[in-house]
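Chemist: Quick one: the structure is below, and I'll ask about it shortly.
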Amino acid sequence: MHNRLAQFNCTVLCDEPMRKHTSFRIGGKAKYVVIPQDEQALLGILQLFKEENFPFLIIGNGSNVLFADEDYDGAVIQLTDGLTQMKLVEDNLIYCEAGVILARLAMFALENGLTGLEFAHGIPGSVGGAVFMNAGAYGGEIKDCVVAVRHLTPEGEILVTDAKDLFFTYRHTSFTENNHLILGAFFRLANGDKTEIRARMDELIQKRRTSQPLELPSAGSTFKRPPEGYAAAHIDECGLKGRSVGGAQVSTKHAGFVVNTGSATAQDVKDLMKVIQDTVQAEHGVLLEPEVVFLP
Ligand SMILES: Cc1cc2nc3c(=O)[nH]c(=O)nc-3n(C[C@H](O)[C@H](O)[C@H](O)COP(=O)(O)OP(=O)(O)OC[C@H]3O[C@@H](n4cnc5c(N)ncnc54)[C@H](O)[C@@H]3O)c2cc1C
């Protein structure tokens, strides 16, 4: 397989620890991590895996995943570092490939005097990962500015679908269910004042630094917002701040985050999540649903 991958414009890492590719810094080894350098290479690699019936999965920047401790006998295709093209296709319409980091996209919008993506500047994910789960923060959501998505079906067809047909709701889209690969997205923004856009970005980054445990590895919010209240408030009120299982801990700074204090395994995180879910369910009658995605 390694030799056959060499025909494509891509980087191939063998027996690669997934902790190097996830913001949690957790995970066993993947047989291959493959980083395609462009869309053509990605399509060729997918075709090869299909022909060989070789297992694979997709990640963007690995900032919303908990990768298993067990080694994965397949390939992880990572889209950041490769699919990173973006362009202004009309005055206020940007097309952006799936591997572009949101901060870069938000800076590109700023450089072009376009407002609407300030909320996304501090989210450490890729465009593909953000579209996948309709990422959001501080009152903004990806669905507010994505107008269409370019994606690949499991049968190999490339489609461009209007956002209104992709069932964007809170931390959910069609992609969380349909196994399509997001190749890129079109963002419609409004003309804005560069100084004001910059100021809003700075303000939100400052809010993150003050309230979130950015100094420790995590995958951001561990649970989705439940129908009643906020996950962090429920966890905090149940006295769970600081609770640990192995190297996994409920952040003492922000109860919504489980952090890796240095040696956490995926099992530690899962066990701690179960403690949190059981406690909040017992004390508040609220079932917390994971936001973090378990892979493989
Ligand atoms: C410190 C910190 C703060 C965070 N703050 C926020 C926040 O404010 N708001 C928020 O919403 N999230 C936040 N997150 C979580 C995370 O950054 C977002 O969910 C982000 O959108 C994930 O993007 P990613 O590229 O890292 O996706 P990954 O973690 O790589 O992947 C997540 C899921 O998306 C799928 N996926 C990724 N790319 C594609 C693709 N191209 N096609 C199909 N499927 C794909 C993967 O298979 C996986 O199932 C935070 C995380 C951290 C660590």
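If you're wondering about the labels, chains in the structure tokens are A, B, ... by order shown, residues count from 1 in each chain, ligands from 1 in order shown.
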Which polymer residues have any atom within 8 Å of an atom of A:Ile26, counting only C-alpha atoms, with same-chain residues fewer than 2 positions away left out, as a list in words?

Modeler: Met18, Arg19, Lys20, Thr22, Ser23, Phe24, Gly28, Leu66, Phe67, Ala68, Asp69, Ala264, Thr265 and Ala266 of chain A

Chemist: Selected residues, N, CA and C atoms, written as a compact mmCIF listing (two decimals), in the first residue's frame, please.

Modeler:
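Final file, part.txt:
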# COMPACT_ATOMS: atom_id res chain seq x y z
N MET A 18 -1.40 8.82 16.77
CA MET A 18 -2.47 9.80 16.50
C MET A 18 -2.48 10.93 17.52
N ARG A 19 -1.76 10.74 18.65
CA ARG A 19 -1.70 11.86 19.60
C ARG A 19 -1.01 13.07 18.96
N LYS A 20 -0.19 12.82 17.93
CA LYS A 20 0.47 13.94 17.25
C LYS A 20 -0.49 14.71 16.34
N THR A 22 -4.01 15.09 17.07
CA THR A 22 -5.27 15.48 17.72
C THR A 22 -4.97 16.48 18.84
N SER A 23 -5.90 17.40 19.02
CA SER A 23 -5.70 18.45 20.05
C SER A 23 -5.75 17.87 21.46
N PHE A 24 -6.35 16.69 21.64
CA PHE A 24 -6.37 16.01 22.94
C PHE A 24 -5.00 15.40 23.27
N GLY A 28 -3.81 5.87 19.82
CA GLY A 28 -2.83 4.86 19.39
C GLY A 28 -2.29 5.19 18.01
N LEU A 66 -11.76 12.19 19.76
CA LEU A 66 -11.04 11.37 20.75
C LEU A 66 -10.65 10.10 20.03
N PHE A 67 -9.36 9.96 19.77
CA PHE A 67 -8.89 8.80 19.02
C PHE A 67 -8.61 7.66 20.00
N ALA A 68 -9.03 6.44 19.64
CA ALA A 68 -8.91 5.27 20.53
C ALA A 68 -7.45 4.99 20.88
N ASP A 69 -7.25 4.33 22.04
CA ASP A 69 -5.90 3.94 22.47
C ASP A 69 -5.33 2.82 21.59
N ALA A 264 -3.24 11.24 29.88
CA ALA A 264 -4.58 10.65 29.73
C ALA A 264 -4.63 9.69 28.56
N THR A 265 -5.38 8.61 28.76
CA THR A 265 -5.69 7.69 27.67
C THR A 265 -7.12 8.01 27.21
N ALA A 266 -7.47 7.45 26.04
CA ALA A 266 -8.84 7.64 25.57
C ALA A 266 -9.82 6.99 26.56

Chemist: Identify, counting only C-alpha atoms and all ligand atoms, the protein, DNA and RNA residues located within 8 Å of ligand 1, and give them as a ChimeraX atom specification.

Modeler: /A:22-24,57-65,78-80,98-99,101,120,122-138,141,151,171,175-176,179-184,212-214,217-221,291-295

Chemist: Choose the residue, out of A:Glu118, A:Asp71, A:Gln281, A:Arg25, that has the smallest atom-to-atom separation from A:Gly247; count only C-alpha atoms.

Modeler: A:Arg25

Chemist: Write out as a list of chain:residue names each polymer residue whose atoms come within 10 Å of A:Leu42, counting only C-alpha atoms; drop sequence neighbours fewer than 6 positions from it.

Modeler: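 Listed by chain and then number, they are A:Phe8, A:Asn9, A:Cys10, A:Val34, A:Ile35, A:Pro36, A:Leu48, A:Ile77, A:Gln78, A:Leu79, A:Gly82, A:Leu83, A:Leu183.
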
Chemist: Mind writing the picked residues with N, CA and C atoms as a PDB file, in the first residue's frame?

Modeler:
ATOM      1  N   PHE A   8       0.880   9.316  -5.631  1.00  0.00           N
ATOM      2  CA  PHE A   8       0.053  10.532  -5.474  1.00  0.00           C
ATOM      3  C   PHE A   8       0.845  11.654  -4.808  1.00  0.00           C
ATOM      4  N   ASN A   9       0.398  12.877  -5.060  1.00  0.00           N
ATOM      5  CA  ASN A   9       1.039  14.046  -4.445  1.00  0.00           C
ATOM      6  C   ASN A   9       0.566  14.147  -2.991  1.00  0.00           C
ATOM      7  N   CYS A  10       1.241  13.370  -2.131  1.00  0.00           N
ATOM      8  CA  CYS A  10       0.805  13.335  -0.737  1.00  0.00           C
ATOM      9  C   CYS A  10       1.970  12.984   0.181  1.00  0.00           C
ATOM     10  N   VAL A  34      -2.176   9.854   5.975  1.00  0.00           N
ATOM     11  CA  VAL A  34      -1.947  10.311   4.601  1.00  0.00           C
ATOM     12  C   VAL A  34      -2.418  11.755   4.487  1.00  0.00           C
ATOM     13  N   ILE A  35      -1.541  12.617   3.990  1.00  0.00           N
ATOM     14  CA  ILE A  35      -1.881  14.035   3.860  1.00  0.00           C
ATOM     15  C   ILE A  35      -1.826  14.413   2.379  1.00  0.00           C
ATOM     16  N   PRO A  36      -2.990  14.379   1.692  1.00  0.00           N
ATOM     17  CA  PRO A  36      -2.983  14.724   0.266  1.00  0.00           C
ATOM     18  C   PRO A  36      -2.667  16.209   0.084  1.00  0.00           C
ATOM     19  N   LEU A  48      -8.101   4.453  -4.701  1.00  0.00           N
ATOM     20  CA  LEU A  48      -7.213   3.328  -4.375  1.00  0.00           C
ATOM     21  C   LEU A  48      -7.750   2.558  -3.165  1.00  0.00           C
ATOM     22  N   ILE A  77      -6.818   9.932   6.770  1.00  0.00           N
ATOM     23  CA  ILE A  77      -6.541  10.979   5.777  1.00  0.00           C
ATOM     24  C   ILE A  77      -6.732  12.324   6.468  1.00  0.00           C
ATOM     25  N   GLN A  78      -5.656  13.093   6.551  1.00  0.00           N
ATOM     26  CA  GLN A  78      -5.729  14.401   7.220  1.00  0.00           C
ATOM     27  C   GLN A  78      -5.746  15.502   6.160  1.00  0.00           C
ATOM     28  N   LEU A  79      -6.753  16.370   6.228  1.00  0.00           N
ATOM     29  CA  LEU A  79      -6.930  17.354   5.154  1.00  0.00           C
ATOM     30  C   LEU A  79      -6.217  18.680   5.411  1.00  0.00           C
ATOM     31  N   GLY A  82      -2.836  20.245   3.486  1.00  0.00           N
ATOM     32  CA  GLY A  82      -2.894  19.888   2.079  1.00  0.00           C
ATOM     33  C   GLY A  82      -3.944  20.678   1.322  1.00  0.00           C
ATOM     34  N   LEU A  83      -5.196  20.423   1.611  1.00  0.00           N
ATOM     35  CA  LEU A  83      -6.276  21.096   0.869  1.00  0.00           C
ATOM     36  C   LEU A  83      -6.512  22.490   1.451  1.00  0.00           C
ATOM     37  N   LEU A 183     -15.391  18.678   0.537  1.00  0.00           N
ATOM     38  CA  LEU A 183     -14.197  19.112  -0.208  1.00  0.00           C
ATOM     39  C   LEU A 183     -13.941  20.599  -0.020  1.00  0.00           C
TER      40      LEU A 183
END

Chemist: Which residues of stretch 18-94 of chain A come within 10 Å of stretch 190-197 of chain A, and for each one, what is the closest pair of atoms and their distance in Å to one decimal, counting only C-alpha atoms, sorted by chain and residue number, as CSV?

Modeler:
residue,atom,partner,partner_atom,distance
A:Asp91,CA,A:Asn191,CA,8.9
A:Asn92,CA,A:Ala190,CA,6.3
A:Leu93,CA,A:Ala190,CA,8.9

Chemist: Using DSSP secondary structure from the backbone, list all strand (DSSP E or B) positions within stretch 3-248 of chain A, as a ChimeraX atom specification.

Modeler: /A:10-17,29-36,56-59,65-67,72-78,86-90,93-97,101,114-115,126,136-137,140-141,146-152,158-162,169,172,181-188,190-191,218-221,223,244-245,248
